Amino acid sequence: MTDDRSLGDDIAAVRSGDTARFAALTERYRRELQVHCYRMLANYADAQDLTQETFLRAWHKRESFKGHAALRTWLYRIATNACLDFLDKRNDRTPVPSELASELRYLQPYPDRMLPEDPQESVVARETIELAFIVAVQHLPPRPRAVFILRDVLGWPASKAAEALELTVASVTSALQRARVTMREQLPGRRLDWRSPATHELSDDERSVVRSYIDAHERNDLGGLSSLLRDDLRFAMLPDSGTVTTTAKDAVDGWVSGGLFQPGHDDWRGVPTTVNRMPAAALYLRAPGDPEHRLFAIAVLHVVDGKIAELTGFDATGQPWLDLPPTL
């Protein structure tokens, strides 16, 4: 996204002290800044909070905007440092050890409706906002994480990233090299050129698998559900901890032994949706005596060759930000 106002106009508007004028100028960056905070934090609610904190800091620091960098760059710098301050204070957000690859209890899905509307922003969003990418980034300590996102996702030059983070160019270059090694370890087989365009449309396979996944739930078809899963399925149900690799049969047996698809937990309805530019199913469950199906969970699917290779479930009860109806 490029600024379509003169720099002089931006400086005057930011420093005018006019709240309405300031908001009109800065609000157009809210969605992309929120995605930036989400990549840093892996939590949608926190990303919302830190985006608001960014605007508050920007307002209080408006006199510091001299026009040495574009307004968008200035806001990204404030957002990055707000996230770093947040991470410095949170013991639960320390980098994830490699042997605990998906122990991210705070991970939340990102509603697609809140992604940037600008086509160029949306086109690169899928691979840099998919759950696997977001989890992989959390393996990086906060400042190398910021370096990686600014350099390899946003495409900032080293000098610009160094200025934003108050580091030397040499420090930024070194941190980026280490970050790239970690990302290659966490995303084997994935392309690492995050700045080049990538499609964000769901494939026919993905749409078909979501429909079949919902249909299997609604019919309590355990065989059909099992047939959709790869035998090396990676499964996680958040906020419970841990990702397990399991066979299709063991996964379904585990869900059944946990009470799902048993009397009282067998009246399902589902709605196909997308989060993190990934296919997902919003699952609704009707308890005995309840006239309505109530939002129960959202299952985010990574589909490979027509099969579900990764299934990340999120407790969706009481989560209005998912923009899903609470009942059906």
# chains A, B, ... in the order shown; residues from 1 in each chain; ligands from 1
call {"tool": "residues_around", "arguments": {"residues": "Gly264 in chain A", "least_positions_apart": "5", "cutoff": "10 Å", "atoms": "only C-alpha atoms", "output": "ChimeraX atom specification"}}
result
/A:259,285-289
call {"tool": "write_last_selection", "arguments": {"atoms": "all heavy atoms", "output": "PDB file, in the first residue's frame"}}
result
ATOM      1  N   GLY A 259     -16.232 -38.431  24.538  1.00  0.00           N
ATOM      2  CA  GLY A 259     -17.654 -38.121  24.659  1.00  0.00           C
ATOM      3  C   GLY A 259     -18.311 -37.615  23.400  1.00  0.00           C
ATOM      4  O   GLY A 259     -19.548 -37.562  23.322  1.00  0.00           O
ATOM      5  N   LEU A 285     -23.383 -27.658  18.295  1.00  0.00           N
ATOM      6  CA  LEU A 285     -23.868 -28.848  18.979  1.00  0.00           C
ATOM      7  C   LEU A 285     -25.156 -28.511  19.726  1.00  0.00           C
ATOM      8  O   LEU A 285     -25.233 -27.468  20.387  1.00  0.00           O
ATOM      9  CB  LEU A 285     -22.807 -29.339  19.967  1.00  0.00           C
ATOM     10  CG  LEU A 285     -23.074 -30.648  20.702  1.00  0.00           C
ATOM     11  CD1 LEU A 285     -23.169 -31.815  19.731  1.00  0.00           C
ATOM     12  CD2 LEU A 285     -21.938 -30.906  21.726  1.00  0.00           C
ATOM     13  N   ARG A 286     -26.151 -29.377  19.594  1.00  0.00           N
ATOM     14  CA  ARG A 286     -27.409 -29.187  20.328  1.00  0.00           C
ATOM     15  C   ARG A 286     -27.489 -30.184  21.467  1.00  0.00           C
ATOM     16  O   ARG A 286     -27.411 -31.391  21.257  1.00  0.00           O
ATOM     17  CB  ARG A 286     -28.618 -29.355  19.405  1.00  0.00           C
ATOM     18  CG  ARG A 286     -29.943 -28.957  20.082  1.00  0.00           C
ATOM     19  CD  ARG A 286     -31.100 -29.078  19.103  1.00  0.00           C
ATOM     20  NE  ARG A 286     -31.417 -30.477  18.833  1.00  0.00           N
ATOM     21  CZ  ARG A 286     -32.214 -31.223  19.594  1.00  0.00           C
ATOM     22  NH1 ARG A 286     -32.768 -30.726  20.694  1.00  0.00           N
ATOM     23  NH2 ARG A 286     -32.447 -32.485  19.271  1.00  0.00           N
ATOM     24  N   ALA A 287     -27.598 -29.654  22.670  1.00  0.00           N
ATOM     25  CA  ALA A 287     -27.726 -30.501  23.851  1.00  0.00           C
ATOM     26  C   ALA A 287     -29.166 -30.974  23.980  1.00  0.00           C
ATOM     27  O   ALA A 287     -30.098 -30.317  23.505  1.00  0.00           O
ATOM     28  CB  ALA A 287     -27.314 -29.734  25.100  1.00  0.00           C
ATOM     29  N   PRO A 288     -29.398 -32.124  24.612  1.00  0.00           N
ATOM     30  CA  PRO A 288     -30.766 -32.615  24.795  1.00  0.00           C
ATOM     31  C   PRO A 288     -31.644 -31.564  25.481  1.00  0.00           C
ATOM     32  O   PRO A 288     -31.246 -30.958  26.483  1.00  0.00           O
ATOM     33  CB  PRO A 288     -30.576 -33.843  25.690  1.00  0.00           C
ATOM     34  CG  PRO A 288     -29.179 -34.308  25.403  1.00  0.00           C
ATOM     35  CD  PRO A 288     -28.386 -33.063  25.165  1.00  0.00           C
ATOM     36  N   GLY A 289     -32.803 -31.329  24.908  1.00  0.00           N
ATOM     37  CA  GLY A 289     -33.736 -30.367  25.482  1.00  0.00           C
ATOM     38  C   GLY A 289     -33.518 -28.938  25.045  1.00  0.00           C
ATOM     39  O   GLY A 289     -34.349 -28.065  25.324  1.00  0.00           O
TER      40      GLY A 289
END
call {"tool": "residues_around", "arguments": {"residues": "Trp268 in chain A", "least_positions_apart": "3", "cutoff": "10 Å", "atoms": "only C-alpha atoms", "output": "ChimeraX atom specification"}}
result
/A:214-220,261,265,283-287,293-296
call {"tool": "select_by_dssp", "arguments": {"residues": "range 93-239 of chain A", "states": "strand (DSSP E)", "output": "JSON, numbers by chain"}}
result
{"A": [229, 230, 231, 232, 233, 234, 235, 236, 237, 238]}
call {"tool": "closest_residue", "arguments": {"among": "A:Arg28, A:Arg269, A:Arg277, A:Lys307", "to": "Asp232 in chain A", "atoms": "only C-alpha atoms"}}
result
A:Lys307
call {"tool": "closest_atom_pairs", "arguments": {"of": "range 195-292 of chain A", "to": "range 133-141 of chain A", "cutoff": "12 Å", "atoms": "only C-alpha atoms", "output": "JSON lines"}}
result
{"residue": "A:Thr243", "atom": "CA", "partner": "A:Val135", "partner_atom": "CA", "distance": 11.5}
{"residue": "A:Asn276", "atom": "CA", "partner": "A:Ile134", "partner_atom": "CA", "distance": 9.5}
{"residue": "A:Arg277", "atom": "CA", "partner": "A:Phe133", "partner_atom": "CA", "distance": 11.8}
{"residue": "A:Met278", "atom": "CA", "partner": "A:Phe133", "partner_atom": "CA", "distance": 11.9}
call {"tool": "write_last_selection", "arguments": {"atoms": "all heavy atoms", "output": "compact mmCIF listing (two decimals), in the first residue's frame"}}
result
# COMPACT_ATOMS: atom_id res chain seq x y z
N THR A 243 0.39 -30.70 20.43
CA THR A 243 -0.03 -31.22 19.14
C THR A 243 0.42 -32.66 19.08
O THR A 243 1.55 -32.98 19.42
CB THR A 243 0.61 -30.42 17.99
OG1 THR A 243 0.14 -29.09 18.02
CG2 THR A 243 0.27 -31.04 16.64
N ASN A 276 -7.65 -17.31 8.94
CA ASN A 276 -6.23 -17.37 8.56
C ASN A 276 -6.05 -17.80 7.10
O ASN A 276 -5.10 -18.47 6.75
CB ASN A 276 -5.45 -18.30 9.48
CG ASN A 276 -5.40 -17.81 10.91
OD1 ASN A 276 -6.41 -17.89 11.61
ND2 ASN A 276 -4.26 -17.30 11.34
N ARG A 277 -7.00 -17.41 6.26
CA ARG A 277 -6.99 -17.82 4.85
C ARG A 277 -6.95 -19.33 4.68
O ARG A 277 -6.40 -19.86 3.70
CB ARG A 277 -5.80 -17.19 4.11
CG ARG A 277 -5.87 -15.68 4.00
CD ARG A 277 -6.89 -15.26 2.98
NE ARG A 277 -6.85 -13.82 2.75
CZ ARG A 277 -7.88 -13.11 2.31
NH1 ARG A 277 -9.02 -13.71 2.05
NH2 ARG A 277 -7.77 -11.82 2.12
N MET A 278 -7.52 -20.05 5.64
CA MET A 278 -7.53 -21.50 5.60
C MET A 278 -8.97 -22.00 5.67
O MET A 278 -9.85 -21.33 6.24
CB MET A 278 -6.74 -22.06 6.80
CG MET A 278 -5.28 -21.66 6.84
SD MET A 278 -4.44 -22.27 8.34
CE MET A 278 -4.36 -24.03 7.99
call {"tool": "closest_residue", "arguments": {"among": "A:His60, A:Arg90, A:Arg211, A:Arg234", "to": "Pro142 in chain A", "atoms": "only C-alpha atoms"}}
result
A:Arg90
call {"tool": "residues_around", "arguments": {"residues": "Ser227 in chain A", "least_positions_apart": "3", "cutoff": "9 Å", "atoms": "only C-alpha atoms", "output": "list in words"}}
result
Leu222, Gly223, Gly224, Arg230, Ala248, Lys249 and Lys307 of chain A
call {"tool": "write_last_selection", "arguments": {"atoms": "N, CA, C and O atoms", "output": "mmCIF file, in the first residue's frame"}}
result
data_model
loop_
_atom_site.group_PDB
_atom_site.id
_atom_site.type_symbol
_atom_site.label_atom_id
_atom_site.label_comp_id
_atom_site.auth_asym_id
_atom_site.auth_seq_id
_atom_site.Cartn_x
_atom_site.Cartn_y
_atom_site.Cartn_z
ATOM 1 N N LEU A 222 -18.692 -41.855 11.481
ATOM 2 C CA LEU A 222 -17.320 -41.946 11.957
ATOM 3 C C LEU A 222 -16.383 -42.519 10.895
ATOM 4 O O LEU A 222 -15.230 -42.114 10.796
ATOM 5 N N GLY A 223 -16.903 -43.443 10.100
ATOM 6 C CA GLY A 223 -16.085 -43.990 9.019
ATOM 7 C C GLY A 223 -15.770 -42.924 7.978
ATOM 8 O O GLY A 223 -14.639 -42.826 7.499
ATOM 9 N N GLY A 224 -16.793 -42.136 7.641
ATOM 10 C CA GLY A 224 -16.575 -41.051 6.686
ATOM 11 C C GLY A 224 -15.606 -40.017 7.212
ATOM 12 O O GLY A 224 -14.751 -39.511 6.480
ATOM 13 N N ARG A 230 -5.605 -37.946 7.162
ATOM 14 C CA ARG A 230 -4.380 -38.670 6.840
ATOM 15 C C ARG A 230 -3.947 -39.509 8.025
ATOM 16 O O ARG A 230 -4.260 -39.192 9.175
ATOM 17 N N ALA A 248 -5.594 -41.874 11.700
ATOM 18 C CA ALA A 248 -6.978 -41.450 11.546
ATOM 19 C C ALA A 248 -7.890 -42.197 12.519
ATOM 20 O O ALA A 248 -8.754 -41.603 13.177
ATOM 21 N N LYS A 249 -7.700 -43.510 12.630
ATOM 22 C CA LYS A 249 -8.545 -44.312 13.521
ATOM 23 C C LYS A 249 -8.364 -43.891 14.978
ATOM 24 O O LYS A 249 -9.346 -43.723 15.715
ATOM 25 N N LYS A 307 -6.853 -34.743 1.568
ATOM 26 C CA LYS A 307 -6.963 -35.295 2.923
ATOM 27 C C LYS A 307 -6.572 -34.225 3.942
ATOM 28 O O LYS A 307 -5.784 -33.322 3.660
#
call {"tool": "closest_residue", "arguments": {"among": "A:Arg39, A:Arg151, A:Arg30, A:Arg178", "to": "Pro109 in chain A", "atoms": "only C-alpha atoms"}}
result
A:Arg39
call {"tool": "closest_residue", "arguments": {"among": "A:Ala58, A:Leu176, A:Trp194, A:Val181", "to": "Gly155 in chain A", "atoms": "only C-alpha atoms"}}
result
A:Trp194
call {"tool": "residues_around", "arguments": {"residues": "Asp204 in chain A", "least_positions_apart": "5", "cutoff": "12 Å", "atoms": "only C-alpha atoms", "output": "list of chain:residue names"}}
result
A:Val209, A:Val210, A:Arg211, A:Pro279, A:Val303, A:Val304, A:Asp305, A:Gly306
call {"tool": "atom_distance", "arguments": {"atom1": "CA of Lys89 in chain A", "atom2": "CA of Asp46 in chain A"}}
result
13.3 Å
call {"tool": "closest_residue", "arguments": {"among": "A:Ala42, A:Ala161, A:Leu84, A:Leu202", "to": "Ala69 in chain A", "atoms": "only C-alpha atoms"}}
result
A:Ala161
call {"tool": "closest_residue", "arguments": {"among": "A:Leu187, A:Ile78, A:Ile129, A:Leu238", "to": "Ala164 in chain A", "atoms": "only C-alpha atoms"}}
result
A:Ile78
call {"tool": "atom_distance", "arguments": {"atom1": "CA of Phe65 in chain A", "atom2": "CA of Leu41 in chain A"}}
result
26.0 Å
